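Below you'll find the structure, written out as structure tokens, and then a few comments.
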Amino acid sequence: MDAARRNSRSIPTHVAALVALLWFALPARGADYSPDVVKAAYLVRFAGYVDWPERMPADAPFIIAVLGSPGVARELRHLLPGHPVNGRLAEVREITGAQDLAKPQILYVGAGRAEYLRAAFPATELASILVVTDEEGGLNAGSALNFLTIDRRVRFEVSLTAADRSGLKISSDLLGVAVRVHGGGRQSRDACSPFNTFDPGDGGCACERLPA
Amino acid sequence: MNKFADTALARGSVRGKLLRVMLLTTAIALCVAGIALLTHELYVYRTTGSADLSTEAAILASSTAPALAFDDHAVAERNLGALAARRRVMVAALYSANGAVYAVFVRPGESPPPPKPPPPGVRISGEYIEVAQPVERSGEALGTIYLRARYDVAGRVEAYLGIFVLVMLLSMVVALLLSRRLQKGITEPLDAIAAVAREIVSGSDYSLRATKFSDDEIGVVVDAFNKMLAEVQARSQALREADQRKDEFLATLAHELRNPLAPIRHAVKLLESHGVEEKARQWARQVIARQVQRMALLLDDLLEVSRITRGRLDLKIATVDLESLVEAAVETAKPLIESKQHQLKIDLPPQPVRLAVDPLRVSQALSNLLTNAAKYTDAGGQIHLTVTVSPAGVTMAVKDNGIGFDAGALPGMFEMFSQVDSAIARSEGGLGIGLALVKGLIALHGGSVEGSSAGPGKGSEFTIHLPYSVVVPQCAESAAPPQRRRPGKDIAIKILVADDNRDAADSLALLLEMNGHEVAVAHSGEEALRIAQQRHPNAMILDIGMPDVTGYEVARRVRTESWGSEVLLVAVTGWGQKEDKEHASAAGFDRHMTKPVDPDMIEGLLQEFVSSRGTLA
């Protein structure tokens, strides 16, 4: 939230960037665009709804690492140069393994690579990184967010348990538009917006919204 | 009529006017307050209405941002659907960043939102307020939220006017009731005065009085009104009394003037008839003389009083001996006193006193008191005149043991034409002007008169007070008793009497001849001049109103003659006004006398003239 507010304060200084964003902005009907374009835009927007535990140095860039998805990496490269994320310059870094990780803010793991993520990346390496997977059951690999395709639309689900583990705080606004919210704890209670159903069966609070 | 005469406030009763003023004031005050409140209310309605809607839009923009950001149509619809609870909001729409309608909320019967997002801001159009608010997140413009709410000014005004009319009616009723109670304090005293005034105008009953309710201006008016009523009442009472006295006086006057006529007529008849003894003729002449004297006195008094009341009487102040003054007064009253066989006792101060007064008037006043005493005392009574001189002034008290009077009659006694009832019944009669005359004459000298009585039948006492200033300081020369001069035959004078009225001239001439003077008579101005030229008289008694040459002319011509400067010229007229006297003295007259002339006074004048000249030419 802090990041979002800081970002909103920087609006006047980035009028040009905004114009560019409007150009690239995601239209209401995501189906009209390729999934990679939508996913790249969502990755950028996720940053506005997440609080990272560590303060970044003032001049450090915001890094989105992409593992195993050249399409999304390409779209990000298109999008980011003119578009700051949380008030910082953002850049894309394509990686192939844990050795290249080097502490990004977001790690996107392409479709079918979740198993590899779980096997190759130690949990300690992933602290303070928002990990986004992109496959059915991707949250099992320890990611906080996982893209789903429902009705040919890109949706996502949230694991508060994973987010907690990584020390991330996810805004309830984001939870409101998530397909499913897994995990409980203190934050999960906040996550239950009035619009979501309450599911006590999942140990804590599981808010689930089924597609219409 | 003043300038308010033709305004609405000039008509109707005070009560109605006060009511109108009150209601009008209340209505105007309420209207002004109502308009001010309505204006304020509409302003507040407009500002709070748009502010509320803007707030609503801002909240909605924030809550719908994630739905737009992550393209969640259902959440957006649900967010807008929550507006169903907000009764004011009629239409809501969410537009995506590319301007397409993303979600819509429309109440039944309302027109759909515009297809394209309107520019951000608040707009008031007709009976709607519209707000458009951009939806942003992290500096990214995600779309626009649009809200439309009712802006029902007409309904608002209508409701407000309804309340206003109700309040107006209520306050009017309250004002009416209240004013009725409060006005009582104003209108009741006014009504009371008005009622009294109306009653007085219709009935002329000045004894009515208005009741005083308060000490305010109305109370002052009531007091003034009552005071005026008292004054009017007193005056009308006085007028009535004066009128009554006048009527009584006229009756008395007629009676008094008629009384002497009968004996005179009888005496004349007796004189006309032949073969009447000389003794009877003598008696007849005496009757005529007495009655004429009485009538002349009566008329003199009357004229004198009217002169005093009109302020036309001038005093001829002279130095006179007190004793002779008293003697003259007693002499006048003596015939009546003697005829009633009263005993008169006179006490004078041991030293001779000289007074600077009008001797004629003072002795007239004193003789009046003496005559009154004689008149109102039964035959054989006692009359006591006491004259004293002290530093307090000169006092002349006349005391009798006559009929007296009631103390209540005293205040009116000195009024003109008043008479004590019991006195009217007495045969002596009288005009009732004697005491008024005394009072007037003495007041002219700066003195006063008072009367007292122990009661009816117990006698009375009247006292003249003259201030000490009238007393002339004594000097050695005048200490000797003054020479009593009697009109008599001691010195004979050549006199010319001129009057176109033969009887008047002849009778006066006869009287003067009887006193031993040498008298010539002229019946016209010409004749007077001719005789005077031949005989060079020492004194001329001239009537002014002679047809050919007036007395003034005769006097002027005589004064031009060498022998004429020393002549005593006496004018005799029917008019005793100041101007006549001035006229006479300008023409060269020494003295001016008013008809009828008293022969004794002429005699006195002649003697005075002779003694002042010492010798006769």
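Letters A, B, ... go to the chains of the structure tokens in the order shown; residues in each chain start at 1; ligands are counted from 1 in the same order.
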Which of region 391-569 of chain B fall in alpha helix (DSSP H), as JSON, numbers by chain: {"B": [410, 411, 412, 413, 421, 422, 423, 424, 434, 435, 436, 437, 438, 439, 440, 441, 442, 443, 444, 502, 503, 504, 505, 506, 507, 508, 509, 510, 511, 512, 513, 514, 525, 526, 527, 528, 529, 530, 531, 532, 533, 534, 535, 551, 552, 553, 554, 555, 556, 557, 558, 559, 560]}
Within 8 Å of chain A, which residues of chain B are there when counting only C-alpha atoms? Please give them as a PyMOL selection string. chain B and resi 63+66-72+74-75+96-98+102+137-141
Which residues, written as a VMD selection string, have at least one atom at most 7 Å from region 532-544 of chain B, with only C-alpha atoms counted and residues fewer than 4 positions away on the same chain left out? chain B and resid 493 to 499 528 550 to 552 563 567 to 573
With C-alpha atoms retained, write the just-selected residues as a compact mmCIF listing (two decimals), in the first residue's frame.
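Final file, out.txt:
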```
# COMPACT_ATOMS: atom_id res chain seq x y z
CA ILE B 493 -67.43 134.77 41.77
CA LYS B 494 -68.47 135.85 38.30
CA ILE B 495 -69.49 132.66 36.52
CA LEU B 496 -70.64 131.87 32.99
CA VAL B 497 -72.57 128.65 32.48
CA ALA B 498 -72.96 127.50 28.87
CA ASP B 499 -75.08 124.53 27.80
CA ALA B 528 -71.09 132.10 25.49
CA THR B 550 -68.04 123.36 20.75
CA GLY B 551 -66.83 123.82 24.28
CA TYR B 552 -63.28 123.03 23.13
CA TRP B 563 -58.31 138.35 30.19
CA VAL B 567 -60.15 132.16 33.89
CA LEU B 568 -61.06 128.82 35.49
CA LEU B 569 -62.36 126.69 32.64
CA VAL B 570 -64.40 123.61 33.54
CA ALA B 571 -65.46 121.16 30.82
CA VAL B 572 -68.66 119.18 31.30
CA THR B 573 -69.23 116.12 29.11
```
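Excluding region 188-191 of chain B itself and any same-chain residue fewer than 6 positions from it, the protein and nucleic acid residues within 10 Å of it, counting only C-alpha atoms, are Ser13, Val14, Arg15, Ala197, Ala210, Thr211, Lys212, Phe213, Ser214, Ile218, Gly219, Val221 and Val222 of chain B.
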Serialized selection, C-alpha atoms, as a short mmCIF file (atom, residue, chain, number, x, y, z; two decimals), in the first residue's frame:
```
data_model
loop_
_atom_site.label_atom_id
_atom_site.label_comp_id
_atom_site.auth_asym_id
_atom_site.auth_seq_id
_atom_site.Cartn_x
_atom_site.Cartn_y
_atom_site.Cartn_z
CA SER B 13 -59.81 51.95 15.27
CA VAL B 14 -56.51 51.95 17.14
CA ARG B 15 -57.04 48.30 17.99
CA ALA B 197 -65.08 61.89 25.24
CA ALA B 210 -61.56 59.14 32.36
CA THR B 211 -60.02 56.33 34.40
CA LYS B 212 -56.23 56.21 34.52
CA PHE B 213 -54.79 52.74 33.88
CA SER B 214 -51.10 53.39 33.50
CA ILE B 218 -51.65 57.42 27.69
CA GLY B 219 -51.68 58.04 31.41
CA VAL B 221 -53.09 62.10 28.17
CA VAL B 222 -55.69 60.88 30.64
#
```
Compile the contact shell of region 167-170 of chain A as JSON, numbers by chain: residues with an atom at most 7 Å away, counting only C-alpha atoms, same-chain residues fewer than 6 positions apart removed. {"A": [49, 50, 51, 52, 53, 127, 128]}
Given the selection you just returned, output its residues as a file containing C-alpha atoms, formatted as a CSV table (one decimal), in the first residue's frame.
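File produced: selection13.csv:
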```
chain,number,residue,atom,x,y,z
A,49,TYR,CA,-0.8,-4.6,-4.2
A,50,VAL,CA,2.1,-6.2,-2.4
A,51,ASP,CA,4.4,-5.0,0.4
A,52,TRP,CA,7.9,-6.3,0.5
A,53,PRO,CA,9.6,-6.7,3.9
A,127,ALA,CA,12.4,-15.2,0.9
A,128,SER,CA,11.2,-11.7,0.1
```
If you run DSSP over the backbone, which residues in region 197-386 of chain B end up strand (DSSP E or B)? Put them as an NGL selection string. :B and (318-321 or 343-347 or 354-357 or 382-386)
What lies within 8 Å of Ser390 (chain B) using only C-alpha atoms, ignoring chain neighbours under 3 positions off, as a PyMOL selection string? chain B and resi 393-394+468
Put those residues in a file: N, CA and C atoms, as a short mmCIF file (atom, residue, chain, number, x, y, z; two decimals), in the first residue's frame.
```cif
data_model
loop_
_atom_site.label_atom_id
_atom_site.label_comp_id
_atom_site.auth_asym_id
_atom_site.auth_seq_id
_atom_site.Cartn_x
_atom_site.Cartn_y
_atom_site.Cartn_z
N GLY B 393 -50.22 100.23 57.93
CA GLY B 393 -51.06 100.93 56.97
C GLY B 393 -52.24 101.60 57.64
N VAL B 394 -53.19 102.00 56.82
CA VAL B 394 -54.38 102.68 57.33
C VAL B 394 -55.53 101.68 57.33
N TYR B 468 -49.24 101.42 53.91
CA TYR B 468 -48.67 102.57 54.63
C TYR B 468 -48.11 103.60 53.65
#
```
Residues at most 9 Å from Gly97 (chain A), counting only C-alpha atoms, excluding those fewer than 3 positions away in the same chain, as a list of chain:residue names?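 Skipping anything fewer than 3 positions along the chain leaves A:Leu67, A:Asp100, A:Leu101, A:Leu117, A:Ala120, A:Phe121.
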Ranking B:Glu513, B:Asp500, B:Glu272, B:Asp400 by minimum distance to Ser460 (chain B) and counting only C-alpha atoms, which one comes first?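 Answer, going by the shortest atom-to-atom distance: B:Asp400.
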Atom-to-atom span, CA of Lys399 (chain B) and CA of Lys439 (chain B), Å: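 One can read the CA of Lys399 (chain B) to CA of Lys439 (chain B) distance as 17.0 Å.
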Interatomic distance (Å, one decimal) between CA of Arg312 (chain B) and CA of Val597 (chain B): 19.8 Å
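Between CA of Ala192 (chain B) and CA of Arg20 (chain B) lies a distance of 21.4 Å.
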